[in-house]
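Colleague: Sharing target.cif below, mmCIF, C-alpha atoms and all ligand atoms:
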```
data_target
loop_
_atom_site.label_atom_id
_atom_site.label_comp_id
_atom_site.auth_asym_id
_atom_site.auth_seq_id
_atom_site.Cartn_x
_atom_site.Cartn_y
_atom_site.Cartn_z
CA MET W 12 81.61 -6.56 13.03
CA ALA W 13 84.97 -4.88 13.86
CA ASP W 14 85.58 -4.64 10.09
CA VAL W 15 82.13 -3.15 9.50
CA LYS W 16 82.68 -0.56 12.23
CA ALA W 17 86.09 0.39 10.87
CA GLU W 18 84.78 0.69 7.29
CA VAL W 19 81.71 2.70 8.36
CA LEU W 20 83.78 5.07 10.52
CA GLU W 21 86.25 5.59 7.70
CA GLY W 22 83.34 6.52 5.41
CA LEU W 23 81.69 8.85 7.94
CA LEU W 24 84.78 10.61 9.33
CA GLY W 25 86.25 11.59 5.95
CA PRO W 26 85.72 15.03 4.35
CA ALA W 27 82.79 13.78 2.19
CA LYS W 28 80.63 11.15 3.92
CA THR W 29 80.11 7.82 2.14
CA LEU W 30 78.61 4.45 3.08
CA HIS W 31 79.10 1.31 0.96
CA PRO W 32 75.97 0.11 -0.93
CA LYS W 33 76.50 -3.49 0.28
CA TYR W 34 75.04 -2.30 3.63
CA PHE W 35 71.61 -1.86 1.99
CA TYR W 36 71.19 -5.60 2.22
CA ASP W 37 69.87 -7.32 5.29
CA GLU W 38 66.65 -9.36 5.19
CA GLN W 39 64.56 -6.15 5.05
CA GLY W 40 66.83 -4.57 2.39
CA SER W 41 66.60 -7.68 0.20
CA ARG W 42 62.80 -7.59 0.49
CA LEU W 43 62.71 -3.88 -0.38
CA PHE W 44 64.91 -4.49 -3.43
CA GLU W 45 62.48 -7.19 -4.59
CA ALA W 46 59.68 -4.60 -4.28
CA ILE W 47 61.75 -2.10 -6.31
CA THR W 48 62.04 -4.57 -9.20
CA ARG W 49 58.23 -4.53 -9.51
CA LEU W 50 57.87 -0.71 -9.56
CA PRO W 51 56.57 0.90 -12.77
CA GLU W 52 59.58 3.29 -12.85
CA TYR W 53 62.19 0.52 -12.39
CA TYR W 54 62.50 -0.57 -16.02
CA LEU W 55 65.81 -2.41 -15.46
CA THR W 56 64.35 -5.75 -14.36
CA ARG W 57 61.60 -5.75 -17.01
CA SER W 58 64.06 -4.84 -19.80
CA GLU W 59 66.49 -7.54 -18.74
CA LEU W 60 63.73 -10.16 -18.45
CA GLU W 61 62.54 -9.19 -21.95
CA ILE W 62 66.06 -9.96 -23.23
CA PHE W 63 66.19 -13.28 -21.36
CA ASP W 64 62.75 -14.30 -22.67
CA ALA W 65 63.82 -13.56 -26.25
CA HIS W 66 67.41 -14.85 -26.20
CA LEU W 67 68.03 -17.38 -23.42
CA SER W 68 67.83 -20.31 -25.82
CA ASP W 69 70.50 -18.62 -27.97
CA ILE W 70 72.62 -18.02 -24.85
CA SER W 71 72.12 -21.65 -23.84
CA SER W 72 73.32 -22.91 -27.24
CA ARG W 73 76.60 -21.00 -26.73
CA VAL W 74 77.30 -22.34 -23.21
CA PRO W 75 78.79 -25.79 -22.45
CA GLY W 76 76.34 -28.32 -20.97
CA GLN W 77 76.61 -29.64 -17.39
CA SER W 78 78.18 -26.40 -16.26
CA CYS W 79 78.22 -24.71 -12.87
CA ILE W 80 76.42 -21.37 -12.68
CA VAL W 81 77.97 -18.93 -10.20
CA GLU W 82 75.60 -16.03 -9.47
CA TYR W 83 77.17 -12.92 -7.99
CA GLY W 84 74.55 -11.28 -5.70
CA SER W 85 71.79 -13.85 -6.07
CA GLY W 86 69.04 -11.85 -4.36
CA SER W 87 65.82 -12.44 -6.28
CA SER W 88 65.35 -15.86 -7.84
CA LEU W 89 63.17 -14.90 -10.82
CA LYS W 90 65.98 -14.55 -13.37
CA ILE W 91 68.01 -17.55 -12.21
CA ARG W 92 64.95 -19.80 -12.48
CA LYS W 93 64.66 -18.94 -16.18
CA VAL W 94 68.41 -19.45 -16.66
CA ILE W 95 68.43 -22.83 -14.88
CA GLU W 96 65.43 -24.04 -16.90
CA GLU W 97 67.15 -23.11 -20.16
CA LEU W 98 70.81 -23.97 -19.43
CA ASP W 99 70.13 -27.09 -17.36
CA PRO W 100 73.38 -26.79 -15.33
CA ALA W 101 74.82 -29.52 -13.07
CA ALA W 102 75.41 -27.12 -10.19
CA TYR W 103 74.46 -23.65 -8.99
CA VAL W 104 76.49 -21.48 -6.57
CA PRO W 105 74.54 -18.44 -5.32
CA VAL W 106 76.96 -15.93 -3.77
CA ASP W 107 75.40 -13.24 -1.59
CA ILE W 108 76.17 -11.12 1.45
CA SER W 109 72.57 -11.34 2.74
CA ARG W 110 72.67 -14.84 4.24
CA GLU W 111 69.08 -15.46 5.40
CA HIS W 112 67.54 -14.24 2.15
CA MET W 113 69.99 -16.30 0.07
CA VAL W 114 69.40 -19.48 2.09
CA ALA W 115 65.59 -19.09 1.81
CA MET W 116 65.91 -18.61 -1.97
CA ALA W 117 68.25 -21.61 -2.28
CA GLU W 118 65.82 -23.83 -0.33
CA ALA W 119 62.94 -22.85 -2.60
CA LEU W 120 65.09 -23.56 -5.69
CA ALA W 121 66.15 -26.94 -4.30
CA ARG W 122 62.48 -27.94 -3.98
CA ASP W 123 61.78 -26.98 -7.61
CA PHE W 124 65.04 -28.34 -9.13
CA PRO W 125 65.70 -31.54 -7.12
CA ASP W 126 68.48 -32.74 -9.50
CA LEU W 127 70.48 -29.51 -9.26
CA ALA W 128 73.40 -29.42 -6.79
CA ILE W 129 73.13 -26.06 -4.97
CA TYR W 130 75.98 -24.63 -2.86
CA PRO W 131 74.92 -21.32 -1.20
CA THR W 132 78.02 -19.25 -0.49
CA CYS W 133 77.80 -16.30 1.88
CA ALA W 134 80.58 -13.93 0.86
CA ASP W 135 81.33 -10.32 0.03
CA PHE W 136 81.97 -10.60 -3.71
CA THR W 137 84.08 -7.44 -3.69
CA ASP W 138 86.65 -9.56 -1.80
CA THR W 139 88.38 -12.71 -3.07
CA PHE W 140 86.37 -15.84 -2.17
CA ALA W 141 86.73 -19.56 -2.92
CA LEU W 142 84.18 -21.64 -4.81
CA PRO W 143 82.94 -24.77 -3.03
CA PRO W 144 85.33 -27.73 -3.72
CA PRO W 145 82.67 -30.05 -5.32
CA VAL W 146 82.32 -27.74 -8.36
CA ALA W 147 86.06 -27.71 -9.10
CA GLY W 148 85.81 -29.91 -12.23
CA LEU W 149 82.85 -28.12 -13.85
CA THR W 150 83.00 -25.34 -16.45
CA LYS W 151 81.82 -22.15 -14.78
CA VAL W 152 79.18 -19.76 -16.08
CA GLY W 153 79.20 -16.51 -14.12
CA PHE W 154 75.82 -14.81 -13.84
CA PHE W 155 75.80 -11.13 -12.88
CA PRO W 156 72.44 -9.60 -13.86
CA GLY W 157 70.62 -6.45 -12.78
CA SER W 158 73.42 -4.07 -13.84
CA SER W 159 75.04 -4.60 -10.45
CA ILE W 160 78.35 -4.01 -12.29
CA GLY W 161 77.19 -0.35 -12.45
CA ASN W 162 77.74 -0.08 -8.68
CA PHE W 163 81.49 -0.15 -9.33
CA SER W 164 83.31 2.81 -10.86
CA PRO W 165 84.65 1.77 -14.31
CA ALA W 166 88.18 1.47 -12.84
CA ASP W 167 86.96 -0.68 -9.93
CA ALA W 168 84.80 -2.74 -12.33
CA VAL W 169 87.96 -3.76 -14.21
CA GLY W 170 89.61 -4.97 -10.98
CA PHE W 171 86.45 -6.78 -9.90
CA LEU W 172 86.06 -8.51 -13.31
CA GLN W 173 89.73 -9.53 -13.28
CA ARG W 174 89.17 -11.23 -9.90
CA MET W 175 85.98 -12.81 -11.27
CA ALA W 176 87.89 -14.17 -14.31
CA LYS W 177 90.41 -15.74 -11.95
CA THR W 178 87.70 -17.28 -9.73
CA LEU W 179 85.74 -18.68 -12.70
CA GLY W 180 88.82 -19.92 -14.58
CA ALA W 181 89.96 -20.01 -18.23
CA GLY W 182 87.20 -20.82 -20.72
CA ALA W 183 84.42 -19.81 -18.33
CA ARG W 184 81.51 -17.75 -19.62
CA LEU W 185 79.86 -14.72 -18.04
CA ILE W 186 76.26 -13.62 -18.58
CA ILE W 187 76.15 -9.98 -17.49
CA GLY W 188 73.37 -7.35 -17.53
CA VAL W 189 74.30 -3.71 -18.13
CA ASP W 190 72.09 -0.62 -17.95
CA LEU W 191 72.57 1.81 -20.83
CA LYS W 192 72.74 5.60 -21.02
CA LYS W 193 69.35 7.21 -21.71
CA ASP W 194 67.10 10.21 -20.92
CA PRO W 195 68.12 11.44 -17.42
CA ALA W 196 64.43 11.81 -16.44
CA VAL W 197 63.89 8.08 -17.04
CA LEU W 198 67.05 7.27 -15.06
CA GLU W 199 66.21 9.50 -12.11
CA ALA W 200 62.61 8.22 -11.84
CA ALA W 201 63.94 4.64 -11.67
CA TYR W 202 65.90 5.57 -8.53
CA ASP W 203 63.29 7.89 -6.97
CA ASP W 204 59.89 6.25 -7.45
CA ALA W 205 56.57 7.92 -6.62
CA ALA W 206 55.65 5.29 -4.02
CA GLY W 207 58.87 5.98 -2.07
CA VAL W 208 60.13 2.37 -2.06
CA THR W 209 63.64 3.33 -3.21
CA ALA W 210 63.69 6.00 -0.49
CA GLU W 211 62.82 3.33 2.07
CA PHE W 212 65.55 1.06 0.61
CA ASN W 213 68.17 3.81 0.86
CA LEU W 214 67.09 4.71 4.43
CA ASN W 215 67.18 1.01 5.39
CA LEU W 216 70.97 1.28 5.23
CA ILE W 217 70.85 3.62 8.26
CA ARG W 218 68.50 1.30 10.18
CA HIS W 219 70.58 -1.77 9.29
CA LEU W 220 73.90 -0.19 10.34
CA GLY W 221 72.32 1.16 13.55
CA GLU W 222 71.33 -2.41 14.41
CA VAL W 223 74.67 -4.02 13.45
CA LEU W 224 76.80 -1.36 15.19
CA HIS W 225 74.47 -0.86 18.20
CA ALA W 226 74.44 2.85 17.35
CA ASP W 227 71.58 5.37 17.62
CA LEU W 228 71.34 5.86 13.84
CA ASN W 229 67.80 7.06 13.09
CA PRO W 230 66.47 6.90 9.48
CA ASP W 231 63.96 9.71 10.30
CA ARG W 232 66.88 12.16 10.45
CA PHE W 233 67.83 11.56 6.79
CA ARG W 234 66.17 12.16 3.39
CA HIS W 235 66.64 10.11 0.19
CA ARG W 236 67.91 11.88 -2.96
CA ALA W 237 68.83 10.48 -6.42
CA VAL W 238 70.41 12.48 -9.27
CA TYR W 239 71.91 11.59 -12.63
CA ASN W 240 75.45 12.97 -12.81
CA GLU W 241 75.87 13.42 -16.55
CA SER W 242 79.64 14.03 -16.53
CA LEU W 243 80.17 10.85 -14.49
CA GLY W 244 77.52 8.85 -16.39
CA ALA W 245 76.05 7.59 -13.12
CA VAL W 246 72.88 7.89 -11.06
CA GLN W 247 74.03 8.83 -7.57
CA MET W 248 72.04 8.19 -4.42
CA PHE W 249 72.48 10.23 -1.28
CA LEU W 250 71.04 10.47 2.21
CA ASP W 251 70.74 14.15 3.14
CA VAL W 252 70.91 15.03 6.83
CA ARG W 253 67.62 16.67 7.94
CA ASP W 254 68.84 18.13 11.26
CA SER W 255 72.27 18.44 12.87
CA HIS W 256 72.99 15.66 15.37
CA ASP W 257 75.75 13.44 16.79
CA VAL W 258 75.85 9.65 16.95
CA LEU W 259 78.24 7.50 18.98
CA ILE W 260 79.61 4.70 16.79
CA GLY W 261 81.92 2.45 18.80
CA ASP W 262 84.04 4.94 20.72
CA ARG W 263 83.82 7.70 18.09
CA LEU W 264 81.28 10.53 18.04
CA VAL W 265 80.16 11.22 14.47
CA HIS W 266 78.66 14.63 13.68
CA PHE W 267 75.95 14.93 11.02
CA GLU W 268 75.39 18.52 9.87
CA ALA W 269 71.95 19.60 8.55
CA GLY W 270 72.07 19.70 4.73
CA GLU W 271 75.17 17.50 4.56
CA ALA W 272 74.95 14.49 2.22
CA ILE W 273 76.05 10.87 2.69
CA HIS W 274 76.82 9.27 -0.66
CA THR W 275 75.40 5.73 -0.66
CA GLU W 276 75.46 4.43 -4.25
CA ASN W 277 76.66 5.01 -7.79
CA SER W 278 74.88 3.27 -10.68
CA PHE W 279 77.07 3.75 -13.72
CA LYS W 280 75.38 3.64 -17.14
CA TYR W 281 77.22 2.57 -20.27
CA ASP W 282 77.28 2.75 -24.05
CA PRO W 283 77.65 -0.85 -25.29
CA ALA W 284 80.95 -0.10 -27.07
CA ASP W 285 82.44 1.48 -23.93
CA PHE W 286 81.37 -1.48 -21.84
CA LEU W 287 82.95 -3.96 -24.24
CA GLU W 288 86.20 -1.98 -24.14
CA LEU W 289 86.10 -2.14 -20.33
CA VAL W 290 85.58 -5.93 -20.18
CA ALA W 291 88.35 -6.49 -22.74
CA GLY W 292 90.70 -4.69 -20.35
CA ALA W 293 89.62 -7.17 -17.64
CA GLY W 294 90.39 -10.30 -19.70
CA PHE W 295 86.94 -11.06 -21.15
CA ALA W 296 86.05 -11.43 -24.84
CA GLU W 297 82.57 -10.84 -26.25
CA VAL W 298 80.72 -13.93 -27.48
CA ALA W 299 77.40 -12.15 -28.18
CA GLY W 300 75.21 -9.29 -26.96
CA TRP W 301 71.51 -8.39 -26.96
CA THR W 302 69.45 -5.26 -26.22
CA ASP W 303 65.76 -4.82 -25.35
CA ARG W 304 63.38 -3.20 -27.87
CA LYS W 305 63.68 0.25 -26.28
CA GLY W 306 67.49 0.05 -26.37
CA TRP W 307 67.60 0.71 -22.61
CA PHE W 308 69.43 -2.39 -21.34
CA SER W 309 71.96 -4.92 -22.66
CA VAL W 310 72.90 -8.48 -21.78
CA PHE W 311 76.31 -9.75 -22.90
CA LEU W 312 77.67 -13.25 -23.07
CA LEU W 313 81.41 -13.04 -22.46
CA GLU W 314 84.20 -15.58 -22.28
CA VAL W 315 87.27 -15.55 -20.05
CA ALA W 316 90.06 -15.14 -22.58
CA GLY W 317 92.54 -18.05 -22.46
C1 LIG W 401 70.57 -5.36 -6.83
S1 LIG W 401 70.41 -6.98 -6.13
C2 LIG W 401 70.40 -7.96 -7.58
C3 LIG W 401 69.67 -9.25 -7.37
C4 LIG W 401 69.49 -10.12 -8.59
N1 LIG W 401 70.78 -10.69 -9.04
C5 LIG W 401 68.83 -9.35 -9.70
O1 LIG W 401 69.46 -9.04 -10.69
O2 LIG W 401 67.64 -9.07 -9.56
C6 LIG W 401 71.96 -7.17 -5.49
C7 LIG W 401 72.17 -8.46 -4.70
O3 LIG W 401 73.56 -8.55 -4.47
C8 LIG W 401 73.81 -8.75 -3.09
N2 LIG W 401 75.03 -8.00 -2.82
C9 LIG W 401 75.23 -6.65 -2.87
N3 LIG W 401 76.50 -6.34 -2.60
C10 LIG W 401 77.13 -7.53 -2.38
C11 LIG W 401 78.48 -7.86 -2.07
N4 LIG W 401 79.41 -6.93 -1.94
N5 LIG W 401 78.78 -9.17 -1.92
C12 LIG W 401 77.84 -10.15 -2.05
N6 LIG W 401 76.53 -9.88 -2.35
C13 LIG W 401 76.20 -8.59 -2.50
C14 LIG W 401 72.62 -8.21 -2.36
O4 LIG W 401 72.43 -8.85 -1.11
C15 LIG W 401 71.50 -8.49 -3.35
O5 LIG W 401 70.92 -9.76 -3.12
#
```
Here is a file; write its structure as structure tokens.

Modeller:
Amino acid sequence: MADVKAEVLEGLLGPAKTLHPKYFYDEQGSRLFEAITRLPEYYLTRSELEIFDAHLSDISSRVPGQSCIVEYGSGSSLKIRKVIEELDPAAYVPVDISREHMVAMAEALARDFPDLAIYPTCADFTDTFALPPPVAGLTKVGFFPGSSIGNFSPADAVGFLQRMAKTLGAGARLIIGVDLKKDPAVLEAAYDDAAGVTAEFNLNLIRHLGEVLHADLNPDRFRHRAVYNESLGAVQMFLDVRDSHDVLIGDRLVHFEAGEAIHTENSFKYDPADFLELVAGAGFAEVAGWTDRKGWFSVFLLEVAG
């Protein structure tokens, strides 16, 4: 809590306000993200599932048996169910910051896969964390779908993947989903849907932090905005301040000026070749890669280079 307050204040007292996207996720945020994955505009989940449906058996044939799948940001269980059915691992380690949602998902999985050893791990995956001791002897298969890697800047993604390579160990595999560059109108609609679910998700960050920090942060005083920044190659989400007001956070008064923006998320989009260059710099080698029929999304199978 002290860490959260310090990080939030640092983001809100700087010259350009920012809040980290990990704060989207409490129970309500996780539920809203699940709703986003079913929206007509949010092609990412459908494109990735299309790739899994077509190529999971190929992926499975390239992964050692009796492995341990480590999912970074487990959230929804739809994709991992398909992966578990196809890869038949010995163990599964869901890693997520949203504890209640992760535990509920893990319990449901345990009922459906009674022979699978499941070790839910509540951790911030942007920090170093330890895998549960019982999986020490198993070959690891990292699973990082949903283009969550796009939430890191390319430079930060390299650092994050280097830490991941260390956690998973030499010879480990990584199944990773990556959203590709495309028509900006398609990209912007995916992050600003007509039903307003993404807006609610973005605003939930304000409600969630208000609750955690016991601060009078009111979502009604902010407006969701999403734009594709072509020069950066990222969709950027903001919360624009509707009316000027002050909020006491801990012992600091934070001023929000009407029209001012809080930056809440980047979703970087890649060309496949650029992405492969990035992962090579982080110590991963490509084993194989697949793209959906529209060419909108890619899944790569990578290997931690010895
Ligand atoms: C966009 S969802 C992706 C869920 C799922 N893997 C998928 O592809 O549909 C991101 C998930 O990562 C979790 N998450 C986000 N930031 C995190 C962090 N820094 N550490 C751990 N989990 C995080 C969220 O709680 C959420 O469940």

Colleague: Each residue of stretch 148-171 of chain W with at least one atom at most 12 Å from stretch 86-109 of chain W should appear once, together with its nearest atom pair and the corresponding distance in Å (one decimal); atoms considered: only C-alpha atoms; ordering: chain, then increasing residue number; output as JSON lines.

Modeller:
```
{"residue": "W:Gly148", "atom": "CA", "partner": "W:Ala102", "partner_atom": "CA", "distance": 11.0}
{"residue": "W:Leu149", "atom": "CA", "partner": "W:Ala101", "partner_atom": "CA", "distance": 8.2}
{"residue": "W:Thr150", "atom": "CA", "partner": "W:Ala101", "partner_atom": "CA", "distance": 9.8}
{"residue": "W:Lys151", "atom": "CA", "partner": "W:Ala102", "partner_atom": "CA", "distance": 9.3}
{"residue": "W:Val152", "atom": "CA", "partner": "W:Pro100", "partner_atom": "CA", "distance": 9.1}
{"residue": "W:Gly153", "atom": "CA", "partner": "W:Val104", "partner_atom": "CA", "distance": 9.4}
{"residue": "W:Phe154", "atom": "CA", "partner": "W:Ile91", "partner_atom": "CA", "distance": 8.4}
{"residue": "W:Phe155", "atom": "CA", "partner": "W:Ile91", "partner_atom": "CA", "distance": 10.1}
{"residue": "W:Pro156", "atom": "CA", "partner": "W:Lys90", "partner_atom": "CA", "distance": 8.2}
{"residue": "W:Gly157", "atom": "CA", "partner": "W:Lys90", "partner_atom": "CA", "distance": 9.4}
{"residue": "W:Ser159", "atom": "CA", "partner": "W:Gly86", "partner_atom": "CA", "distance": 11.2}
```

Colleague: When distances are computed from all atoms listed in the file, which of W:Ser85, W:Ser242, W:Thr302, W:Thr139 shows the smallest separation from W:Tyr36?

Modeller: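 With all atoms listed in the file as the atom set, the closest residue is W:Ser85.
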
Colleague: Given all atoms listed in the file, how would the per-residue table for stretch 34-149 of chain W near stretch 160-167 of chain W read, listing every residue at most 12 Å away with its closest atom pair and distance in Å to one decimal, sorted by chain and number, as a Markdown table?

Modeller:
```
| residue | atom | partner | partner_atom | distance |
| --- | --- | --- | --- | --- |
| W:Leu55 | CA | W:Gly161 | CA | 12.0 |
| W:Tyr83 | CA | W:Ile160 | CA | 10.0 |
| W:Gly84 | CA | W:Ile160 | CA | 10.5 |
| W:Phe136 | CA | W:Ile160 | CA | 11.4 |
| W:Thr137 | CA | W:Phe163 | CA | 9.6 |
```

Colleague: Which is closer to ligand LIG 401 (chain W) than all the others in W:Pro51, W:Gly182, W:Pro26, W:Pro131, using all atoms listed in the file?

Modeller: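 Of the candidates, the smallest distance to ligand LIG 401 (chain W) is held by W:Pro131.
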
Colleague: Within 8 Å of W:Asn229, counting all atoms listed in the file, which residues show up once you throw out same-chain ones fewer than 6 positions away? Write them as a PDB file with C-alpha atoms, in the coordinates of the input, please.

Modeller:
```pdb
ATOM      1  CA  ILE W 217      70.850   3.620   8.260  1.00  0.00           C
ATOM      2  CA  ARG W 218      68.500   1.300  10.180  1.00  0.00           C
ATOM      3  CA  GLY W 221      72.320   1.160  13.550  1.00  0.00           C
TER       4      GLY W 221
END
```

Colleague: May I ask for the distance between atom CA of W:Arg234 and atom CA of W:Lys192, given in Å to one decimal place?

Modeller: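 Computing the Euclidean distance for atom CA of W:Arg234 and atom CA of W:Lys192 yields 26.1 Å.
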
Colleague: Quick one: residues within 10 Å of W:Glu241, all atoms listed in the file, excluding same-chain residues fewer than 5 positions away - as JSON, numbers by chain?

Modeller: {"W": [192, 195, 246, 280]}

Colleague: Show me the residues close to (72.6, 3.8, -24.8) - anything with an atom within 7 Å, counting all atoms listed in the file - and format the list as an NGL selection string.

Modeller: :W and (191-193 or 281-283 or 306-307)
